[in-house]
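Okay, final-v2.csv now, which holds CSV, C-alpha atoms:
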```
chain,number,residue,atom,x,y,z
A,1,MET,CA,0.0,0.0,0.0
A,2,LEU,CA,2.8,2.4,0.8
A,3,SER,CA,4.5,1.9,-2.5
A,4,ALA,CA,1.3,2.7,-4.4
A,5,SER,CA,0.8,5.7,-2.2
A,6,ILE,CA,4.3,7.0,-2.9
A,7,ALA,CA,3.9,6.6,-6.6
A,8,GLU,CA,0.6,8.4,-6.5
A,9,TYR,CA,2.0,11.3,-4.4
A,10,CYS,CA,5.1,11.7,-6.6
A,11,LYS,CA,3.0,11.7,-9.8
A,12,TYR,CA,0.8,14.4,-8.4
A,13,SER,CA,3.4,16.6,-6.8
A,14,GLY,CA,6.4,16.1,-9.0
A,15,ASN,CA,8.5,15.5,-5.8
A,16,LYS,CA,10.5,12.4,-4.8
A,17,ILE,CA,10.1,10.6,-1.5
A,18,ALA,CA,12.8,9.9,1.0
A,19,LEU,CA,11.8,7.0,3.3
A,20,VAL,CA,13.3,7.8,6.7
A,21,ALA,CA,12.6,7.6,10.4
A,22,LYS,CA,11.4,10.4,12.7
A,23,PRO,CA,14.2,12.6,13.9
A,24,LYS,CA,15.6,12.4,17.4
A,25,LEU,CA,16.6,15.6,19.3
A,26,SER,CA,20.2,15.1,18.2
A,27,ASP,CA,19.1,15.1,14.5
A,28,LEU,CA,17.0,18.2,14.9
A,29,LEU,CA,19.9,20.1,16.6
A,30,SER,CA,22.1,19.0,13.8
A,31,GLY,CA,19.8,20.5,11.2
A,32,ARG,CA,18.2,17.2,10.0
A,33,LEU,CA,14.4,16.6,9.8
A,34,TYR,CA,15.0,12.8,9.8
A,35,ARG,CA,17.0,9.9,11.0
A,36,PRO,CA,18.2,7.5,8.3
A,37,LEU,CA,16.6,4.1,8.4
A,38,ALA,CA,18.8,1.2,9.6
A,39,GLU,CA,20.4,-0.8,6.9
A,40,ASN,CA,18.3,-3.6,5.3
A,41,THR,CA,15.0,-2.3,6.8
A,42,LEU,CA,13.5,-1.4,3.4
A,43,SER,CA,11.2,-4.0,1.9
A,44,PRO,CA,12.3,-5.5,-1.4
A,45,VAL,CA,9.1,-3.9,-2.8
A,46,PHE,CA,11.0,-0.6,-2.9
A,47,HIS,CA,14.1,-1.8,-4.7
A,48,GLU,CA,14.9,0.2,-7.8
A,49,ASN,CA,11.9,2.5,-7.2
A,50,PRO,CA,12.4,5.6,-9.3
A,51,TYR,CA,10.3,7.7,-7.0
A,52,LEU,CA,12.6,7.3,-4.0
A,53,HIS,CA,15.4,9.6,-3.0
A,54,ASP,CA,18.5,8.2,-1.3
A,55,VAL,CA,19.5,10.2,1.8
A,56,SER,CA,22.7,8.2,2.4
A,57,ASN,CA,24.8,10.9,0.8
A,58,GLU,CA,23.3,13.7,2.7
A,59,ARG,CA,25.5,15.2,5.3
A,60,SER,CA,24.8,17.8,8.0
A,61,THR,CA,26.9,20.9,7.9
A,62,PHE,CA,27.5,20.4,11.6
A,63,THR,CA,26.8,17.7,14.1
A,64,ILE,CA,25.8,18.0,17.8
A,65,PRO,CA,26.5,14.6,19.4
A,66,LEU,CA,24.1,13.6,22.1
A,67,SER,CA,23.9,10.4,24.0
A,68,ASN,CA,21.1,7.9,23.4
A,69,SER,CA,19.8,8.6,26.9
A,70,VAL,CA,19.3,12.3,26.1
A,71,ASP,CA,17.4,11.4,22.9
A,72,THR,CA,15.3,8.9,24.8
A,73,LEU,CA,14.6,11.5,27.6
A,74,PHE,CA,13.4,13.9,24.9
A,75,GLU,CA,10.9,11.4,23.5
A,76,LYS,CA,9.6,10.5,27.0
A,77,THR,CA,9.2,14.1,27.8
A,78,ILE,CA,7.1,14.8,24.7
A,79,ASN,CA,4.9,11.8,25.5
A,80,ARG,CA,4.5,12.7,29.2
A,81,LEU,CA,3.5,16.2,28.4
A,82,SER,CA,1.0,15.0,25.7
A,83,LEU,CA,2.9,16.9,23.0
A,84,ARG,CA,3.3,14.0,20.6
A,85,ASP,CA,0.6,15.2,18.2
A,86,ALA,CA,1.8,18.8,18.3
A,87,PHE,CA,5.4,17.7,17.6
A,88,ASP,CA,4.3,15.4,14.8
A,89,ASN,CA,2.3,18.2,13.2
A,90,TYR,CA,5.3,20.5,13.4
A,91,LEU,CA,7.4,17.8,11.6
A,92,GLN,CA,4.8,17.4,8.9
A,93,LYS,CA,4.7,21.1,8.2
A,94,LYS,CA,8.5,21.3,8.1
A,95,CYS,CA,8.7,18.4,5.7
A,96,PHE,CA,6.0,19.9,3.5
A,97,HIS,CA,8.0,23.2,3.2
A,98,HIS,CA,11.2,21.3,2.7
A,99,ALA,CA,9.7,19.5,-0.2
A,100,LYS,CA,8.5,22.7,-1.8
A,101,SER,CA,12.0,24.1,-1.8
A,102,THR,CA,14.0,21.0,-2.6
A,103,GLY,CA,11.6,18.6,-4.4
A,104,VAL,CA,12.3,15.9,-1.7
A,105,ARG,CA,9.5,14.9,0.7
A,106,TYR,CA,10.6,13.1,3.8
A,107,LEU,CA,8.2,10.4,4.7
A,108,TYR,CA,8.5,8.8,8.2
A,109,LYS,CA,8.2,5.1,7.8
A,110,ASP,CA,7.6,4.8,11.6
A,111,ASP,CA,4.7,7.3,11.5
A,112,ILE,CA,1.2,5.7,11.8
A,113,ARG,CA,-0.2,8.6,9.8
A,114,PHE,CA,1.2,6.9,6.7
A,115,SER,CA,-0.7,3.8,7.4
A,116,TYR,CA,-4.2,2.6,6.7
A,117,ALA,CA,-4.6,2.0,10.5
A,118,GLU,CA,-5.9,4.9,12.6
A,119,SER,CA,-4.4,3.4,15.7
A,120,VAL,CA,-3.0,0.2,17.1
A,121,ASP,CA,-2.6,-1.4,20.5
A,122,ASP,CA,-1.7,-4.8,21.8
A,123,THR,CA,-5.0,-6.4,20.7
A,124,LYS,CA,-6.2,-4.8,17.4
A,125,MET,CA,-5.9,-2.2,14.7
A,126,ILE,CA,-8.5,0.4,14.0
A,127,TRP,CA,-8.8,1.0,10.3
A,128,ARG,CA,-9.1,4.5,8.9
A,129,ASP,CA,-12.5,5.7,7.6
A,130,SER,CA,-11.5,5.9,4.0
A,131,PRO,CA,-12.6,4.5,0.6
A,132,ASN,CA,-9.6,2.2,0.4
A,133,ALA,CA,-6.2,1.5,2.0
A,134,VAL,CA,-4.1,3.6,-0.4
A,135,ALA,CA,-6.4,6.6,0.1
A,136,ALA,CA,-6.1,6.1,3.8
A,137,THR,CA,-2.3,6.0,3.6
A,138,LEU,CA,-2.3,9.2,1.5
A,139,SER,CA,-4.2,10.9,4.3
A,140,GLY,CA,-0.9,11.2,6.1
A,141,PHE,CA,0.1,14.0,3.7
A,142,LEU,CA,-1.1,17.6,4.3
A,143,ASP,CA,-4.1,18.9,2.4
A,144,PRO,CA,-2.2,21.0,-0.1
A,145,GLU,CA,0.0,18.1,-1.2
A,146,ARG,CA,-2.4,15.2,-1.0
A,147,PRO,CA,-3.5,13.6,-4.3
A,148,PRO,CA,-7.2,13.3,-5.0
A,149,ILE,CA,-8.8,10.0,-3.9
A,150,LYS,CA,-9.1,7.3,-6.4
A,151,HIS,CA,-11.4,4.3,-6.1
A,152,PRO,CA,-11.2,1.3,-6.7
A,153,GLN,CA,-7.8,1.0,-5.2
A,154,ILE,CA,-4.8,1.8,-7.4
A,155,LYS,CA,-2.5,-1.1,-8.0
A,156,PRO,CA,1.0,-1.4,-6.5
A,157,ALA,CA,4.0,-1.8,-8.7
A,158,PHE,CA,7.4,-3.4,-8.8
A,159,TYR,CA,10.4,-1.8,-10.5
A,160,GLY,CA,13.4,-3.5,-12.1
A,161,LEU,CA,11.9,-7.0,-12.1
A,162,GLU,CA,13.5,-7.9,-15.3
A,163,THR,CA,16.8,-8.5,-13.5
A,164,GLU,CA,15.1,-11.5,-11.8
A,165,ARG,CA,13.8,-13.0,-15.0
A,166,PRO,CA,16.8,-15.3,-15.8
A,167,TYR,CA,16.4,-17.0,-12.4
A,168,VAL,CA,12.7,-17.4,-12.8
A,169,GLU,CA,13.0,-18.8,-16.3
A,170,LYS,CA,15.5,-21.4,-15.0
A,171,LEU,CA,13.1,-22.3,-12.2
A,172,LEU,CA,10.2,-22.7,-14.7
A,173,ALA,CA,12.4,-24.9,-17.0
A,174,LYS,CA,13.5,-27.0,-14.1
A,175,HIS,CA,9.9,-28.0,-13.3
A,176,ASN,CA,8.8,-28.1,-16.9
A,177,LEU,CA,6.4,-25.2,-16.5
A,178,ASN,CA,5.3,-23.1,-19.4
A,179,ASN,CA,3.4,-19.8,-19.4
A,180,ASN,CA,-0.2,-20.1,-18.4
A,181,ASP,CA,-0.1,-23.9,-17.8
A,182,PHE,CA,0.2,-23.8,-14.0
A,183,ILE,CA,-1.6,-22.5,-10.9
A,184,VAL,CA,0.2,-20.8,-8.1
A,185,LEU,CA,-1.0,-21.1,-4.5
A,186,GLU,CA,0.1,-19.9,-1.1
A,187,PRO,CA,-1.8,-21.5,1.8
A,188,SER,CA,0.5,-19.9,4.5
A,189,THR,CA,0.0,-16.5,6.1
A,190,ASN,CA,2.4,-14.2,7.9
A,191,ALA,CA,1.5,-14.7,11.5
A,192,GLU,CA,3.7,-12.0,12.9
A,193,TRP,CA,0.8,-9.4,12.8
A,194,PHE,CA,-2.5,-11.2,12.8
A,195,SER,CA,-1.6,-14.7,14.1
A,196,ASN,CA,-3.7,-17.2,12.0
A,197,LEU,CA,-6.7,-15.0,11.5
A,198,ARG,CA,-6.2,-14.8,7.7
A,199,ALA,CA,-5.5,-18.5,7.3
A,200,TRP,CA,-7.8,-21.0,5.6
A,201,MET,CA,-8.0,-24.5,7.1
A,202,PRO,CA,-5.1,-26.8,6.1
A,203,ALA,CA,-7.4,-29.8,5.3
A,204,ARG,CA,-9.4,-27.7,3.0
A,205,TRP,CA,-6.3,-26.7,1.1
A,206,GLN,CA,-5.4,-30.3,0.5
A,207,LEU,CA,-9.0,-31.2,-0.5
A,208,LEU,CA,-8.9,-28.3,-3.0
A,209,VAL,CA,-5.6,-29.5,-4.5
A,210,ASN,CA,-7.0,-33.0,-4.8
A,211,GLN,CA,-10.1,-31.7,-6.6
A,212,LEU,CA,-8.1,-29.5,-9.0
A,213,LYS,CA,-5.7,-32.4,-9.8
A,214,GLU,CA,-8.6,-34.6,-10.7
A,215,SER,CA,-10.4,-32.0,-12.8
A,216,TYR,CA,-7.3,-30.5,-14.5
A,217,PRO,CA,-4.7,-33.2,-14.8
A,218,GLY,CA,-2.7,-31.2,-17.2
A,219,LEU,CA,-2.5,-28.1,-15.0
A,220,SER,CA,0.4,-28.1,-12.6
A,221,ILE,CA,0.0,-26.6,-9.1
A,222,VAL,CA,3.0,-24.7,-7.7
A,223,ARG,CA,3.3,-23.7,-4.1
A,224,ILE,CA,5.3,-20.7,-3.2
A,225,GLY,CA,6.1,-18.8,0.0
A,226,VAL,CA,8.3,-19.4,3.0
A,227,PRO,CA,8.7,-22.9,4.5
A,228,ASP,CA,6.4,-23.9,7.3
A,229,THR,CA,4.9,-27.0,8.9
A,230,LEU,CA,2.0,-27.4,6.4
A,231,VAL,CA,2.8,-30.0,3.8
A,232,LEU,CA,0.5,-30.5,0.7
A,233,ASP,CA,0.6,-33.5,-1.5
A,234,GLY,CA,0.3,-33.2,-5.3
A,235,VAL,CA,2.0,-29.8,-5.6
A,236,ILE,CA,5.3,-28.6,-6.9
A,237,ASP,CA,6.7,-27.2,-3.7
A,238,ILE,CA,9.2,-24.4,-4.3
A,239,ARG,CA,8.9,-22.7,-0.9
A,240,GLY,CA,12.0,-20.9,0.1
A,241,THR,CA,13.6,-21.0,-3.4
A,242,THR,CA,12.4,-17.5,-4.5
A,243,THR,CA,12.6,-14.0,-3.1
A,244,PHE,CA,9.5,-12.0,-2.9
A,245,ARG,CA,10.3,-10.3,-6.2
A,246,GLN,CA,11.0,-13.5,-7.9
A,247,ALA,CA,7.7,-15.0,-6.6
A,248,ALA,CA,5.9,-12.0,-8.2
A,249,LEU,CA,7.6,-12.5,-11.5
A,250,LEU,CA,6.7,-16.2,-11.3
A,251,MET,CA,3.0,-15.3,-10.8
A,252,GLN,CA,3.2,-13.1,-13.9
A,253,SER,CA,3.5,-16.4,-15.9
A,254,CYS,CA,0.8,-18.4,-14.1
A,255,ARG,CA,-2.8,-19.0,-15.1
A,256,LEU,CA,-4.2,-18.2,-11.7
A,257,PHE,CA,-3.0,-17.4,-8.2
A,258,ILE,CA,-4.9,-18.7,-5.2
A,259,GLY,CA,-4.2,-17.2,-1.8
A,260,THR,CA,-5.4,-15.2,1.2
A,261,GLU,CA,-5.1,-11.5,2.1
A,262,GLY,CA,-1.4,-10.7,2.4
A,263,GLY,CA,1.8,-9.7,0.6
A,264,LEU,CA,1.6,-12.1,-2.3
A,265,MET,CA,-2.0,-11.0,-3.0
A,266,HIS,CA,-0.6,-7.4,-3.5
A,267,ALA,CA,2.2,-8.8,-5.6
A,268,ALA,CA,-0.3,-10.7,-7.8
A,269,ARG,CA,-2.1,-7.4,-8.4
A,270,ALA,CA,1.2,-5.6,-9.2
A,271,VAL,CA,2.0,-8.1,-12.0
A,272,GLU,CA,-1.6,-8.3,-13.1
A,273,ALA,CA,-2.0,-12.0,-12.3
A,274,LYS,CA,-5.5,-13.3,-12.2
A,275,ALA,CA,-6.3,-14.4,-8.6
A,276,VAL,CA,-8.9,-16.0,-6.4
A,277,ILE,CA,-8.5,-14.6,-2.9
A,278,LEU,CA,-10.0,-16.1,0.3
A,279,TRP,CA,-10.8,-13.2,2.5
A,280,GLY,CA,-11.4,-13.2,6.2
A,281,GLY,CA,-12.8,-10.5,8.5
A,282,LEU,CA,-9.7,-8.5,9.4
A,283,THR,CA,-10.4,-5.8,6.8
A,284,ASP,CA,-13.1,-5.2,4.3
A,285,PRO,CA,-12.2,-6.5,0.8
A,286,SER,CA,-13.3,-3.3,-0.8
A,287,PHE,CA,-11.0,-1.4,1.5
A,288,ALA,CA,-7.8,-3.4,1.3
A,289,GLY,CA,-8.3,-5.7,-1.7
A,290,TYR,CA,-8.7,-5.4,-5.5
A,291,PRO,CA,-12.3,-6.3,-6.3
A,292,ASP,CA,-11.9,-4.7,-9.7
A,293,SER,CA,-9.1,-7.2,-10.6
A,294,HIS,CA,-9.4,-10.2,-8.3
A,295,MET,CA,-12.1,-12.7,-7.5
A,296,ILE,CA,-12.6,-12.4,-3.8
A,297,LEU,CA,-14.4,-15.0,-1.7
A,298,HIS,CA,-15.8,-13.3,1.4
A,299,SER,CA,-18.2,-14.2,4.2
A,300,PRO,CA,-19.6,-11.1,5.8
A,301,VAL,CA,-19.9,-11.5,9.5
A,302,ALA,CA,-21.2,-9.1,12.2
A,303,CYS,CA,-17.8,-8.8,13.9
A,304,ALA,CA,-15.9,-7.7,10.8
A,305,PRO,CA,-13.8,-5.9,10.0
A,306,CYS,CA,-12.1,-6.6,13.4
A,307,GLY,CA,-8.5,-5.7,12.9
A,308,LEU,CA,-7.6,-8.2,15.7
A,309,LEU,CA,-4.0,-9.1,16.1
A,310,GLY,CA,-4.9,-12.6,17.3
A,311,ASN,CA,-7.2,-14.5,19.7
A,312,CYS,CA,-10.4,-14.4,17.7
A,313,PRO,CA,-13.4,-14.8,20.1
A,314,HIS,CA,-15.6,-16.2,17.3
A,315,ASP,CA,-13.4,-19.1,16.2
A,316,VAL,CA,-12.4,-17.4,13.0
A,317,LYS,CA,-15.9,-18.0,11.5
A,318,CYS,CA,-15.2,-15.6,8.7
A,319,MET,CA,-12.7,-18.0,7.2
A,320,LYS,CA,-14.4,-21.2,8.3
A,321,ASN,CA,-17.5,-20.1,6.4
A,322,ILE,CA,-15.6,-20.3,3.2
A,323,SER,CA,-16.0,-23.9,2.2
A,324,THR,CA,-13.9,-26.0,-0.2
A,325,GLU,CA,-17.0,-26.2,-2.5
A,326,ASN,CA,-17.1,-22.3,-2.5
A,327,THR,CA,-13.5,-22.2,-3.4
A,328,TYR,CA,-13.4,-24.9,-6.0
A,329,LYS,CA,-16.3,-23.3,-7.8
A,330,ALA,CA,-14.7,-19.9,-7.8
A,331,VAL,CA,-11.4,-21.4,-9.1
A,332,THR,CA,-13.2,-23.4,-11.9
A,333,ASP,CA,-15.1,-20.3,-12.8
A,334,ALA,CA,-11.9,-18.3,-12.9
A,335,LEU,CA,-10.2,-20.9,-15.1
A,336,GLY,CA,-13.2,-20.7,-17.5
A,337,SER,CA,-14.5,-17.2,-17.6
A,338,TYR,CA,-12.7,-14.8,-15.3
A,339,ARG,CA,-15.0,-12.2,-13.6
A,340,PRO,CA,-13.4,-10.1,-10.9
A,341,GLY,CA,-15.5,-9.0,-8.0
A,342,ILE,CA,-16.5,-9.9,-4.4
A,343,ILE,CA,-18.3,-13.2,-4.1
A,344,GLU,CA,-20.2,-13.4,-0.9
A,345,VAL,CA,-20.6,-16.8,0.7
A,346,SER,CA,-22.7,-17.7,3.7
A,347,LYS,CA,-22.2,-20.4,6.4
A,348,ASN,CA,-22.8,-23.9,5.0
```
Represent the structure from my file as structure tokens, please.
Amino acid sequence: MLSASIAEYCKYSGNKIALVAKPKLSDLLSGRLYRPLAENTLSPVFHENPYLHDVSNERSTFTIPLSNSVDTLFEKTINRLSLRDAFDNYLQKKCFHHAKSTGVRYLYKDDIRFSYAESVDDTKMIWRDSPNAVAATLSGFLDPERPPIKHPQIKPAFYGLETERPYVEKLLAKHNLNNNDFIVLEPSTNAEWFSNLRAWMPARWQLLVNQLKESYPGLSIVRIGVPDTLVLDGVIDIRGTTTFRQAALLMQSCRLFIGTEGGLMHAARAVEAKAVILWGGLTDPSFAGYPDSHMILHSPVACAPCGLLGNCPHDVKCMKNISTENTYKAVTDALGSYRPGIIEVSKN
């Protein structure tokens, strides 16, 4: 979402974005409005992004060294005096005026304003009241610099993917895969944020694979993602053999991607892969998904969108309501006549 928001802002403003962290007191006293991000903290999504400005060569004309304890005390004092919002507003205005004079807009990657969450605590996220997640992320910019809202959600983008093509072509050749003659699926979800709340039931994944193997014997099924404990029979398992960018390029050659809400769903949209997405109740599919491009299976439940970070009190009924029959039908429809949109399913 952030990469799409950056592109939209830069096209609208003509500026570039520098992804940085909020400044500490020592940074401000040294004349910097930011602190450089730690090395290797940028997602591979941002590699070779032409809209980004590299601050690594920027140098302050002078430096005022302060101990970490002084910087920490400054942060604690701001919070204790309830000055956090005022201080962040000050930084936003300074960054806005800096961009007007230099063409470089500092964007604080650790600022929740540039997120589609309004707030977050130990138990849940509260989503912003916005037409979609990209528009919500863009709300972090000040009014004079904010691009107009677009809906449905604009697609994310990768840059420089062609450098990954030789590896992906070797991988395809190794497994005798040709363009458009294989399905890609990812049953696993990233549990760091939302535990298993986006995950579909393992037994249903296996049943779906069995049904597809029987109905489409000439269509290979490729499993991508990171290694985990879930083992599926009947698939070409290449987990752990591709980077995120390579996985995206692989999906560009597939006939269909099947997965859940998450990073590879966004990657599928970026490379314009057809997709069937099994969507739970964490967010609304029209808010965080791509109903204009993907076929989204969704079971509306009263407790959604919940934003929970784990411990669902309703036994994840939003995902359990999506049956294997629902999914198999959506996949066969997609393989026959692809019609994007939200497909509502009810409890069976």
Find, counting only C-alpha atoms, the residue in A:Lys124, A:Arg165, A:Arg255, A:His151 that gets nearest to Ser195 in chain A. A:Lys124
For range 204-281 of chain A against range 172-181 of chain A, with a cut-off of 7 Å and counting all atoms listed in the file, what is the closest atom pair and its distance in Å to one decimal for every residue that makes the cut, ordered by chain and number, as JSON lines?
```
{"residue": "A:Leu219", "atom": "CA", "partner": "A:Asp181", "partner_atom": "CA", "distance": 5.6}
{"residue": "A:Ser220", "atom": "CA", "partner": "A:Asp181", "partner_atom": "CA", "distance": 6.7}
{"residue": "A:Ser253", "atom": "CA", "partner": "A:Asn179", "partner_atom": "CA", "distance": 4.9}
{"residue": "A:Cys254", "atom": "CA", "partner": "A:Asn180", "partner_atom": "CA", "distance": 4.7}
{"residue": "A:Arg255", "atom": "CA", "partner": "A:Asn180", "partner_atom": "CA", "distance": 4.3}
```
Nearest residue to Ala7 in chain A from the set A:Ser67, A:Asn132, A:Gln211, A:Phe158 (distances using all atoms listed in the file):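 Of all the options, A:Phe158 lies closest to Ala7 in chain A.
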Please determine, counting only C-alpha atoms, which residue among A:Val345, A:Ala273, A:Leu309, A:Cys303 has the shortest atom-to-atom distance to Asn321 in chain A.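 Going through A:Val345, A:Ala273, A:Leu309, A:Cys303 one by one, the smallest distance to Asn321 in chain A is for A:Val345.
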When you look at range 108-111 of chain A with a cut-off of 7 Å (counting only C-alpha atoms), what residues show up, excluding the ones that are within fewer than 5 positions of it in the same chain? I need them as a list of chain:residue names.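 Counting only the stated atoms, we get A:Leu19, A:Val20, A:Ala21, A:Lys22.
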Residue list as a list in words for point (4.5, -22.2, -3.2), cut-off 7 Å, only C-alpha atoms: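 Taken together, the residues in range are Val184, Leu185, Glu186, Val222, Arg223, Ile224, Gly225, Asp237, Ile238 and Arg239 of chain A.
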Tell me, as an MDAnalysis selection string, which residues lie within 8 Å of range 97-103 of chain A, counting only C-alpha atoms; anything in the same chain fewer than 2 positions away does not count. chainID A and resid 14:16 93:95 105:106
Serialized selection, C-alpha atoms, as a PDB file, in the frame of the given file:
```pdb
ATOM      1  CA  GLY A  14       6.400  16.100  -9.000  1.00  0.00           C
ATOM      2  CA  ASN A  15       8.500  15.500  -5.800  1.00  0.00           C
ATOM      3  CA  LYS A  16      10.500  12.400  -4.800  1.00  0.00           C
ATOM      4  CA  LYS A  93       4.700  21.100   8.200  1.00  0.00           C
ATOM      5  CA  LYS A  94       8.500  21.300   8.100  1.00  0.00           C
ATOM      6  CA  CYS A  95       8.700  18.400   5.700  1.00  0.00           C
ATOM      7  CA  ARG A 105       9.500  14.900   0.700  1.00  0.00           C
ATOM      8  CA  TYR A 106      10.600  13.100   3.800  1.00  0.00           C
TER       9      TYR A 106
END
```
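Between CA of Gly259 in chain A and CA of Leu297 in chain A there is a distance of 10.4 Å.
The protein and nucleic acid residues lying at most 6 Å from Met319 in chain A are Trp200, Gly280, Val316 and Ile322 of chain A, with all atoms listed in the file considered and sequence neighbours fewer than 3 positions away removed.
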If we count only C-alpha atoms and set the cut-off at 9 Å, which residues sit around range 240-246 of chain A, ignoring sequence neighbours fewer than 4 positions away in its own chain? Please answer as a list of chain:residue names. A:Pro44, A:Val45, A:Phe158, A:Leu161, A:Glu164, A:Arg165, A:Tyr167, A:Val168, A:Leu171, A:Ile224, A:Gly225, A:Val226, A:Pro227, A:Leu250, A:Met251, A:Gly263, A:Leu264, A:Ala267
At most 6 Å from (-4.6, -17.7, -10.8), file frame, only C-alpha atoms: which residues, as a ChimeraX atom specification? /A:183,255-258,274-275
Just the selected residues (C-alpha atoms), exported as an mmCIF file, in the frame of the given file, please.
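The result, written out as selection_7.cif:
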```
data_model
loop_
_atom_site.group_PDB
_atom_site.id
_atom_site.type_symbol
_atom_site.label_atom_id
_atom_site.label_comp_id
_atom_site.auth_asym_id
_atom_site.auth_seq_id
_atom_site.Cartn_x
_atom_site.Cartn_y
_atom_site.Cartn_z
ATOM 1 C CA ILE A 183 -1.600 -22.500 -10.900
ATOM 2 C CA ARG A 255 -2.800 -19.000 -15.100
ATOM 3 C CA LEU A 256 -4.200 -18.200 -11.700
ATOM 4 C CA PHE A 257 -3.000 -17.400 -8.200
ATOM 5 C CA ILE A 258 -4.900 -18.700 -5.200
ATOM 6 C CA LYS A 274 -5.500 -13.300 -12.200
ATOM 7 C CA ALA A 275 -6.300 -14.400 -8.600
#
```
Would you pick out the contacts of Pro305 in chain A at 8 Å or less, using all atoms listed in the file, so that residues sharing its chain but fewer than 2 positions from it are not included, and give the list as a list in words? Gly281, Leu282, Thr283, Asp284, Cys303 and Gly307 of chain A
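With CA of His298 in chain A on one side and CA of His314 in chain A on the other, the separation reads 16.2 Å.
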In Å, rounded to a single decimal, give me how far CA of Leu29 in chain A is from CA of Asp71 in chain A.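 CA of Leu29 in chain A lies 11.0 Å from CA of Asp71 in chain A.
Checking A:Pro131, A:Pro36, A:Pro156, A:Gly310 one by one against Met1 in chain A, counting only C-alpha atoms, you find the shortest gap at A:Pro156.
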For each of A:His266, A:Thr327, A:Leu37, A:Glu272, take the minimum atom-to-atom distance to Ile296 in chain A, counting all atoms listed in the file, then give the residue where this is smallest. A:Thr327
Place N, CA and C atoms on range 120-135 of chain A and deliver the coordinates as a CSV table (one decimal), in the coordinates of the input.
```
chain,number,residue,atom,x,y,z
A,120,VAL,N,-3.3,1.6,16.8
A,120,VAL,CA,-3.0,0.2,17.1
A,120,VAL,C,-2.6,0.0,18.5
A,121,ASP,N,-3.1,-1.1,19.1
A,121,ASP,CA,-2.6,-1.4,20.5
A,121,ASP,C,-2.2,-2.8,20.5
A,122,ASP,N,-2.2,-3.4,21.7
A,122,ASP,CA,-1.7,-4.8,21.8
A,122,ASP,C,-2.7,-5.8,21.3
A,123,THR,N,-3.9,-5.4,21.1
A,123,THR,CA,-5.0,-6.4,20.7
A,123,THR,C,-5.5,-6.2,19.3
A,124,LYS,N,-5.5,-5.0,18.7
A,124,LYS,CA,-6.2,-4.8,17.4
A,124,LYS,C,-5.7,-3.5,16.8
A,125,MET,N,-6.0,-3.4,15.5
A,125,MET,CA,-5.9,-2.2,14.7
A,125,MET,C,-7.2,-1.6,14.4
A,126,ILE,N,-7.3,-0.3,14.4
A,126,ILE,CA,-8.5,0.4,14.0
A,126,ILE,C,-8.3,1.0,12.7
A,127,TRP,N,-9.0,0.6,11.7
A,127,TRP,CA,-8.8,1.0,10.3
A,127,TRP,C,-9.3,2.5,10.1
A,128,ARG,N,-8.7,3.2,9.2
A,128,ARG,CA,-9.1,4.5,8.9
A,128,ARG,C,-10.4,4.5,8.1
A,129,ASP,N,-11.2,5.6,8.3
A,129,ASP,CA,-12.5,5.7,7.6
A,129,ASP,C,-12.1,6.4,6.3
A,130,SER,N,-11.9,5.5,5.3
A,130,SER,CA,-11.5,5.9,4.0
A,130,SER,C,-12.0,5.0,2.9
A,131,PRO,N,-12.1,5.4,1.7
A,131,PRO,CA,-12.6,4.5,0.6
A,131,PRO,C,-11.8,3.2,0.4
A,132,ASN,N,-10.5,3.4,0.6
A,132,ASN,CA,-9.6,2.2,0.4
A,132,ASN,C,-8.3,2.5,1.2
A,133,ALA,N,-7.4,1.5,1.2
A,133,ALA,CA,-6.2,1.5,2.0
A,133,ALA,C,-5.2,2.5,1.5
A,134,VAL,N,-5.1,2.6,0.2
A,134,VAL,CA,-4.1,3.6,-0.4
A,134,VAL,C,-4.6,5.0,-0.1
A,135,ALA,N,-5.9,5.3,-0.3
A,135,ALA,CA,-6.4,6.6,0.1
A,135,ALA,C,-6.1,6.9,1.5
```
